[in-house]
$ cat structure_7.tsv   # TSV, C-alpha atoms
chain	number	residue	atom	x	y	z
A	1	MET	CA	125.29	70.51	109.16
A	2	ALA	CA	127.67	73.33	108.26
A	3	ILE	CA	126.42	75.59	105.49
A	4	ASN	CA	129.27	77.06	103.47
A	5	THR	CA	127.80	77.63	100.00
A	6	VAL	CA	124.21	78.54	99.07
A	7	LEU	CA	122.73	78.60	95.59
A	8	VAL	CA	120.10	81.33	95.21
A	9	ILE	CA	117.57	80.68	92.45
A	10	GLY	CA	115.62	83.87	91.79
A	11	ALA	CA	118.47	86.16	92.84
A	12	THR	CA	117.39	89.07	90.65
A	13	GLY	CA	113.90	89.27	92.20
A	14	HIS	CA	112.85	91.43	95.15
A	15	VAL	CA	113.13	88.70	97.78
A	16	GLY	CA	115.96	86.77	96.13
A	17	GLY	CA	118.04	89.93	95.87
A	18	GLN	CA	117.62	90.48	99.60
A	19	VAL	CA	118.56	86.85	100.27
A	20	VAL	CA	121.77	87.37	98.30
A	21	SER	CA	122.64	90.58	100.17
A	22	GLN	CA	121.87	89.21	103.61
A	23	LEU	CA	123.69	85.92	103.01
A	24	SER	CA	126.72	87.79	101.67
A	25	ALA	CA	126.88	89.77	104.91
A	26	THR	CA	127.23	86.52	106.88
A	27	GLY	CA	130.38	85.47	105.05
A	28	ILE	CA	128.72	82.48	103.40
A	29	THR	CA	129.67	81.85	99.77
A	30	VAL	CA	126.72	82.88	97.59
A	31	ARG	CA	126.16	81.49	94.11
A	32	ALA	CA	123.33	82.97	92.05
A	33	LEU	CA	121.53	81.31	89.15
A	34	ALA	CA	120.65	83.48	86.15
A	35	ARG	CA	119.47	82.80	82.63
A	36	ASN	CA	121.83	85.54	81.45
A	37	PRO	CA	124.67	85.96	83.97
A	38	ALA	CA	126.11	88.96	82.11
A	39	ALA	CA	122.89	90.91	82.69
A	40	ALA	CA	122.53	90.09	86.41
A	41	ALA	CA	123.43	93.09	88.57
A	42	LEU	CA	124.47	91.46	91.84
A	43	PRO	CA	126.88	92.40	94.63
A	44	THR	CA	130.62	91.99	94.18
A	45	GLY	CA	131.75	88.58	95.35
A	46	VAL	CA	128.60	86.75	94.28
A	47	GLU	CA	129.31	84.00	91.77
A	48	VAL	CA	126.72	84.19	88.98
A	49	VAL	CA	126.20	80.96	87.05
A	50	PRO	CA	123.96	80.13	84.08
A	51	GLY	CA	120.83	78.03	84.44
A	52	ASP	CA	117.14	77.91	83.59
A	53	LEU	CA	114.38	76.27	85.64
A	54	THR	CA	112.54	75.31	82.46
A	55	ALA	CA	115.57	73.14	81.54
A	56	PRO	CA	116.34	71.36	84.82
A	57	ALA	CA	119.54	69.72	83.58
A	58	THR	CA	121.12	73.19	83.32
A	59	LEU	CA	121.03	73.36	87.14
A	60	ILE	CA	123.50	70.49	87.55
A	61	PRO	CA	126.75	72.49	87.23
A	62	ALA	CA	125.33	75.27	89.42
A	63	LEU	CA	124.66	72.79	92.24
A	64	ASP	CA	128.21	71.46	92.41
A	65	GLY	CA	129.48	71.86	95.99
A	66	VAL	CA	126.30	73.58	97.19
A	67	ASP	CA	125.12	72.92	100.77
A	68	ALA	CA	121.68	74.56	100.54
A	69	VAL	CA	119.36	76.13	97.97
A	70	TYR	CA	116.99	79.08	98.13
A	71	LEU	CA	114.28	78.81	95.46
A	72	THR	CA	111.83	81.39	94.20
A	73	TRP	CA	109.26	79.48	92.15
A	74	PRO	CA	107.91	81.28	89.06
A	75	MET	CA	104.71	79.19	88.98
A	76	LEU	CA	105.83	76.78	86.26
A	77	SER	CA	104.04	73.51	85.57
A	78	GLY	CA	103.93	70.64	88.05
A	79	ASP	CA	105.84	68.42	85.60
A	80	VAL	CA	108.76	70.84	85.51
A	81	ALA	CA	108.56	71.21	89.29
A	82	LYS	CA	109.25	67.53	89.90
A	83	ALA	CA	112.18	67.52	87.50
A	84	VAL	CA	113.71	70.59	89.17
A	85	VAL	CA	113.29	69.10	92.63
A	86	ASP	CA	114.82	65.79	91.54
A	87	VAL	CA	117.94	67.55	90.27
A	88	ILE	CA	118.29	69.57	93.49
A	89	ALA	CA	117.62	66.63	95.82
A	90	GLU	CA	120.32	64.52	94.16
A	91	ARG	CA	122.95	67.16	94.88
A	92	THR	CA	122.18	68.93	98.16
A	93	GLY	CA	120.30	68.42	101.39
A	94	ARG	CA	118.55	71.65	102.33
A	95	LEU	CA	116.02	73.75	100.41
A	96	VAL	CA	114.13	76.91	101.37
A	97	LEU	CA	111.21	77.65	99.06
A	98	LEU	CA	109.46	80.98	98.61
A	99	SER	CA	105.91	79.67	98.39
A	100	SER	CA	102.62	81.48	99.06
A	101	GLY	CA	100.17	82.07	101.88
A	102	ALA	CA	97.50	80.99	99.39
A	103	VAL	CA	98.50	77.33	99.82
A	104	ARG	CA	95.97	75.42	101.92
A	105	ASP	CA	97.27	72.45	103.92
A	106	ASP	CA	93.71	71.29	104.59
A	107	ARG	CA	93.00	70.73	100.89
A	108	ASP	CA	94.42	68.30	98.34
A	109	ASP	CA	92.84	70.38	95.58
A	110	GLN	CA	93.78	74.02	96.09
A	111	ASP	CA	90.93	76.51	95.76
A	112	ASN	CA	92.76	79.16	93.70
A	113	ALA	CA	95.34	79.37	90.93
A	114	ILE	CA	98.10	80.88	93.07
A	115	GLY	CA	97.78	78.24	95.79
A	116	ALA	CA	97.66	75.48	93.18
A	117	ALA	CA	100.81	76.69	91.41
A	118	HIS	CA	102.82	76.76	94.64
A	119	ALA	CA	101.37	73.51	95.97
A	120	ALA	CA	102.65	71.92	92.76
A	121	ILE	CA	106.25	72.63	93.80
A	122	GLU	CA	105.70	71.99	97.52
A	123	ALA	CA	104.43	68.44	96.92
A	124	PRO	CA	107.54	67.03	95.18
A	125	ILE	CA	109.78	68.81	97.68
A	126	LYS	CA	107.99	67.09	100.56
A	127	ALA	CA	108.42	63.74	98.82
A	128	SER	CA	112.07	64.30	97.90
A	129	GLY	CA	113.86	63.65	101.18
A	130	LEU	CA	115.23	67.22	101.22
A	131	GLY	CA	115.36	69.12	104.49
A	132	TRP	CA	112.80	71.71	103.43
A	133	THR	CA	111.38	74.96	104.79
A	134	PHE	CA	108.47	76.74	103.11
A	135	LEU	CA	108.06	80.51	103.34
A	136	ARG	CA	104.42	81.45	102.85
A	137	PRO	CA	104.04	85.23	102.67
A	138	HIS	CA	100.54	86.63	102.40
A	139	ALA	CA	100.51	90.09	100.77
A	140	PHE	CA	103.85	91.32	99.42
A	141	ALA	CA	104.50	95.02	99.96
A	142	THR	CA	106.23	95.03	96.58
A	143	ASN	CA	102.90	94.31	94.91
A	144	THR	CA	101.94	97.93	95.56
A	145	LEU	CA	104.54	98.95	93.00
A	146	GLU	CA	101.62	98.27	90.64
A	147	TRP	CA	100.56	101.86	91.38
A	148	ALA	CA	103.91	103.45	90.56
A	149	SER	CA	103.08	104.45	86.98
A	150	GLN	CA	99.76	106.01	88.03
A	151	ILE	CA	101.40	107.92	90.88
A	152	ARG	CA	104.21	109.25	88.72
A	153	THR	CA	101.70	110.80	86.31
A	154	GLY	CA	99.00	112.04	88.67
A	155	ASN	CA	97.39	112.01	92.10
A	156	ILE	CA	94.64	109.45	91.45
A	157	VAL	CA	95.16	105.71	91.92
A	158	ARG	CA	92.56	103.49	90.28
A	159	GLY	CA	91.89	99.93	91.39
A	160	GLY	CA	89.48	97.43	92.86
A	161	TYR	CA	88.54	96.60	96.43
A	162	GLY	CA	90.08	99.63	98.10
A	163	ALA	CA	88.62	98.51	101.44
A	164	ALA	CA	90.55	95.21	101.39
A	165	MET	CA	92.62	95.03	104.60
A	166	MET	CA	95.95	93.20	104.40
A	167	THR	CA	99.23	92.86	106.28
A	168	LEU	CA	101.90	93.75	103.74
A	169	VAL	CA	105.26	92.08	104.28
A	170	HIS	CA	108.62	93.67	103.46
A	171	GLU	CA	110.87	91.60	101.19
A	172	ALA	CA	113.77	92.17	103.59
A	173	ASP	CA	111.82	90.42	106.35
A	174	ILE	CA	111.00	87.44	104.11
A	175	ALA	CA	114.68	87.21	103.22
A	176	ALA	CA	115.71	87.42	106.89
A	177	VAL	CA	113.58	84.35	107.66
A	178	ALA	CA	115.01	82.60	104.59
A	179	VAL	CA	118.58	83.25	105.75
A	180	ARG	CA	117.85	81.83	109.21
A	181	ALA	CA	116.26	78.75	107.64
A	182	LEU	CA	119.20	78.28	105.28
A	183	THR	CA	121.96	78.71	107.84
A	184	THR	CA	120.65	77.63	111.26
A	185	ASP	CA	119.00	74.56	112.71
A	186	GLY	CA	115.39	74.09	113.78
A	187	HIS	CA	113.57	75.05	110.60
A	188	VAL	CA	113.35	71.79	108.66
A	189	GLY	CA	109.83	70.63	107.91
A	190	VAL	CA	108.29	73.98	108.89
A	191	SER	CA	105.93	76.15	106.83
A	192	TYR	CA	106.23	79.78	107.94
A	193	GLU	CA	103.21	82.06	107.50
A	194	LEU	CA	104.70	85.53	106.99
A	195	THR	CA	102.95	88.88	107.29
A	196	GLY	CA	103.74	92.47	108.00
A	197	SER	CA	101.96	94.55	110.62
A	198	PRO	CA	99.50	96.15	111.02
A	199	ALA	CA	96.73	95.48	108.49
A	200	LEU	CA	95.99	98.40	106.16
A	201	SER	CA	93.34	98.91	103.51
A	202	ARG	CA	94.45	99.53	99.95
A	203	ILE	CA	93.09	103.05	100.34
A	204	ASP	CA	95.34	103.58	103.39
A	205	GLN	CA	98.30	102.09	101.54
A	206	VAL	CA	97.90	104.73	98.83
A	207	ALA	CA	97.64	107.44	101.50
A	208	THR	CA	100.87	106.16	103.07
A	209	ILE	CA	102.67	106.51	99.76
A	210	GLY	CA	101.25	110.02	99.36
A	211	ALA	CA	102.49	111.02	102.81
A	212	ALA	CA	106.00	109.84	101.94
A	213	LEU	CA	105.91	111.77	98.67
A	214	GLY	CA	104.53	114.88	100.35
A	215	ARG	CA	101.39	115.10	98.23
A	216	PRO	CA	97.87	113.79	98.72
A	217	LEU	CA	96.83	110.78	96.66
A	218	GLU	CA	93.22	109.84	95.99
A	219	TRP	CA	91.81	106.34	95.56
A	220	ALA	CA	89.32	105.82	92.71
A	221	GLU	CA	87.30	102.62	93.15
A	222	LEU	CA	86.74	100.54	90.02
A	223	PRO	CA	84.51	97.49	89.50
A	224	PRO	CA	86.53	94.28	89.20
A	225	GLU	CA	86.34	93.97	85.42
A	226	GLN	CA	87.69	97.49	84.95
A	227	ALA	CA	90.31	97.02	87.66
A	228	LYS	CA	91.88	94.19	85.64
A	229	GLN	CA	93.31	96.64	83.13
A	230	TYR	CA	95.54	98.04	85.89
A	231	MET	CA	96.79	94.60	87.02
A	232	ASP	CA	99.56	93.86	84.55
A	233	TRP	CA	101.76	92.87	87.50
A	234	VAL	CA	99.68	89.69	87.90
A	235	PRO	CA	99.96	86.69	85.51
A	236	ARG	CA	96.81	86.64	83.38
A	237	ASP	CA	95.69	83.26	84.72
A	238	ALA	CA	95.97	84.52	88.32
A	239	VAL	CA	94.10	87.85	88.04
A	240	ASP	CA	90.75	86.44	89.08
A	241	ALA	CA	92.33	84.68	92.06
A	242	VAL	CA	93.94	87.94	93.21
A	243	LEU	CA	90.68	89.85	92.90
A	244	GLU	CA	88.86	87.12	94.82
A	245	ALA	CA	91.47	87.40	97.56
A	246	PHE	CA	90.98	91.17	97.71
A	247	ALA	CA	87.21	90.70	97.94
A	248	ALA	CA	87.61	88.27	100.85
A	249	LEU	CA	89.88	90.73	102.67
A	250	VAL	CA	87.14	93.37	102.66
A	251	ASP	CA	84.99	91.32	105.02
A	252	THR	CA	87.75	89.32	106.73
A	253	PRO	CA	90.89	91.45	107.14
A	254	GLY	CA	94.28	89.76	107.05
A	255	GLN	CA	95.64	89.02	110.51
A	256	PRO	CA	99.30	89.58	111.40
A	257	THR	CA	101.44	86.70	112.59
A	258	SER	CA	104.41	86.91	114.95
A	259	THR	CA	106.53	84.59	112.79
A	260	ILE	CA	109.08	87.16	111.62
A	261	GLN	CA	109.80	88.27	115.18
A	262	ASP	CA	109.82	84.67	116.42
A	263	VAL	CA	112.37	83.56	113.83
A	264	THR	CA	114.58	86.64	113.47
A	265	GLY	CA	114.23	88.32	116.85
A	266	SER	CA	113.12	91.58	115.20
A	267	PRO	CA	109.54	92.77	114.60
A	268	ALA	CA	108.15	92.82	111.09
A	269	ARG	CA	108.73	96.10	109.32
A	270	THR	CA	105.65	98.27	108.80
A	271	TYR	CA	104.32	99.27	105.40
A	272	ALA	CA	105.41	102.85	106.13
A	273	GLN	CA	108.97	101.57	106.52
A	274	TRP	CA	108.69	99.73	103.21
A	275	VAL	CA	107.43	102.89	101.49
A	276	ALA	CA	110.34	104.88	102.95
A	277	ASP	CA	112.72	102.30	101.47
A	278	HIS	CA	111.04	102.48	98.04
A	279	VAL	CA	109.81	106.07	97.80
A	280	ALA	CA	112.07	106.70	94.80
A	281	ASP	CA	110.14	104.04	92.88
A	282	PHE	CA	107.00	106.19	93.05
A	283	ALA	CA	108.59	109.59	92.43

$ encode --input "structure_7.tsv" --output "structure tokens"
Amino acid sequence: MAINTVLVIGATGHVGGQVVSQLSATGITVRALARNPAAAALPTGVEVVPGDLTAPATLIPALDGVDAVYLTWPMLSGDVAKAVVDVIAERTGRLVLLSSGAVRDDRDDQDNAIGAAHAAIEAPIKASGLGWTFLRPHAFATNTLEWASQIRTGNIVRGGYGAAMMTLVHEADIAAVAVRALTTDGHVGVSYELTGSPALSRIDQVATIGAALGRPLEWAELPPEQAKQYMDWVPRDAVDAVLEAFAALVDTPGQPTSTIQDVTGSPARTYAQWVADHVADFA
């Protein structure tokens, strides 16, 4: 199936923005959904159209003539998920979903809030007849932007579970897999587990940022309840799930996968590369 036009839902986010940029470079027509098109800063040539996932009928005009959809899911309710999927499935044939590595295929009832929220959108997609691909990143490198305000004002970073070891994945690598799944064959019905490489502790992540900035940064360990006050980047109903994941990664470090290299032909970017790309965000 030839893919000529792709609708990107979530185009103003970290991953969605990369999907837009990388798709645009291929010559494919890119249409981006935005609640407020006038406020969306997207590359020249990208058609920005209005729409809101909480009102699924608003997606209908945006889907006109679309061959494939990239969807970032903002963890809305399962009821809204089914309505959104129904609208998409009636109008196009291929969907790539940014899901989560927290989803467990061996469980009908997910064991944490993040997995449950993404399973709620995966389930209706699987039942829809769409040619789907699920991207399941584990730890996003962009999550470490949580420390930016602390780093801009001092040399101490406060948080919980500094010894948690994880493989942070660059948003550009997630997007590269998404673009392959949207535009080439062989990806339908596949769930891709995505990681960066190698695994680093949160303490070492902070040190990596310090090295890029040219000044030493110190980690200050906090008990979980105190750490929550520094986690405004996490939805309130998911904070406990994130802390539980960090706790598990202390004893069982995250393991890198080869998926990004297997799909794109290029190795996953390291966290140091991600920091180099985002050093201005911490300065």

$ residues_around --input "structure_7.tsv" --residues "Ser77 in chain A" --least-positions-apart "3" --cutoff "8 Å" --atoms "all atoms listed in the file" --output "count of residues only"
4

$ closest_residue --input "structure_7.tsv" --among "A:Thr208, A:Ser24, A:Thr195, A:Thr58" --to "Thr44 in chain A" --atoms "all atoms listed in the file"
A:Ser24

$ residues_around --input "structure_7.tsv" --residues "Pro74 in chain A" --least-positions-apart "3" --cutoff "9 Å" --atoms "only C-alpha atoms" --output "PyMOL selection string"
chain A and resi 10+53+117-118

$ residues_around --input "structure_7.tsv" --residues "Leu23 in chain A" --least-positions-apart "5" --cutoff "7 Å" --atoms "all atoms listed in the file" --output "JSON, numbers by chain"
{"A": [28, 30, 179]}

$ write_last_selection --input "structure_7.tsv" --atoms "C-alpha atoms" --output "PDB file, keeping the file's coordinate frame"
ATOM      1  CA  ILE A  28     128.720  82.480 103.400  1.00  0.00           C
ATOM      2  CA  VAL A  30     126.720  82.880  97.590  1.00  0.00           C
ATOM      3  CA  VAL A 179     118.580  83.250 105.750  1.00  0.00           C
TER       4      VAL A 179
END

$ atom_distance --input "structure_7.tsv" --atom1 "CA of Pro216 in chain A" --atom2 "CA of Ala148 in chain A"
14.5 Å

$ residues_around --input "structure_7.tsv" --residues "Ala68 in chain A" --least-positions-apart "5" --cutoff "10 Å" --atoms "only C-alpha atoms" --output "CSV table (one decimal) with C-alpha atoms, in the frame of the given file"
chain,number,residue,atom,x,y,z
A,2,ALA,CA,127.7,73.3,108.3
A,3,ILE,CA,126.4,75.6,105.5
A,4,ASN,CA,129.3,77.1,103.5
A,5,THR,CA,127.8,77.6,100.0
A,6,VAL,CA,124.2,78.5,99.1
A,7,LEU,CA,122.7,78.6,95.6
A,8,VAL,CA,120.1,81.3,95.2
A,63,LEU,CA,124.7,72.8,92.2
A,88,ILE,CA,118.3,69.6,93.5
A,91,ARG,CA,123.0,67.2,94.9
A,92,THR,CA,122.2,68.9,98.2
A,93,GLY,CA,120.3,68.4,101.4
A,94,ARG,CA,118.6,71.6,102.3
A,95,LEU,CA,116.0,73.8,100.4
A,96,VAL,CA,114.1,76.9,101.4
A,130,LEU,CA,115.2,67.2,101.2
A,131,GLY,CA,115.4,69.1,104.5
A,132,TRP,CA,112.8,71.7,103.4
A,181,ALA,CA,116.3,78.8,107.6
A,182,LEU,CA,119.2,78.3,105.3
A,183,THR,CA,122.0,78.7,107.8

$ atom_distance --input "structure_7.tsv" --atom1 "CA of Ala102 in chain A" --atom2 "CA of Asp277 in chain A"
26.3 Å

$ atom_distance --input "structure_7.tsv" --atom1 "CA of Lys228 in chain A" --atom2 "CA of Gly254 in chain A"
22.0 Å

$ residues_around --input "structure_7.tsv" --residues "Gln205 in chain A" --least-positions-apart "6" --cutoff "9 Å" --atoms "all atoms listed in the file" --output "PyMOL selection string"
chain A and resi 144+271-272

$ closest_residue --input "structure_7.tsv" --among "A:Trp274, A:Trp233, A:Phe134, A:Tyr161" --to "Leu97 in chain A" --atoms "all atoms listed in the file"
A:Phe134

$ closest_residue --input "structure_7.tsv" --among "A:Val157, A:Leu249, A:Val84, A:Ala238" --to "Phe282 in chain A" --atoms "only C-alpha atoms"
A:Val157

$ closest_residue --input "structure_7.tsv" --among "A:Ala40, A:Val87, A:Ala123, A:Ile156" --to "Val103 in chain A" --atoms "only C-alpha atoms"
A:Ala123

$ closest_residue --input "structure_7.tsv" --among "A:Val48, A:Leu222, A:Ala38, A:Leu135" --to "Tyr192 in chain A" --atoms "only C-alpha atoms"
A:Leu135

$ closest_residue --input "structure_7.tsv" --among "A:Gly51, A:Gly129, A:Gly265, A:Gly115" --to "Met75 in chain A" --atoms "all atoms listed in the file"
A:Gly115
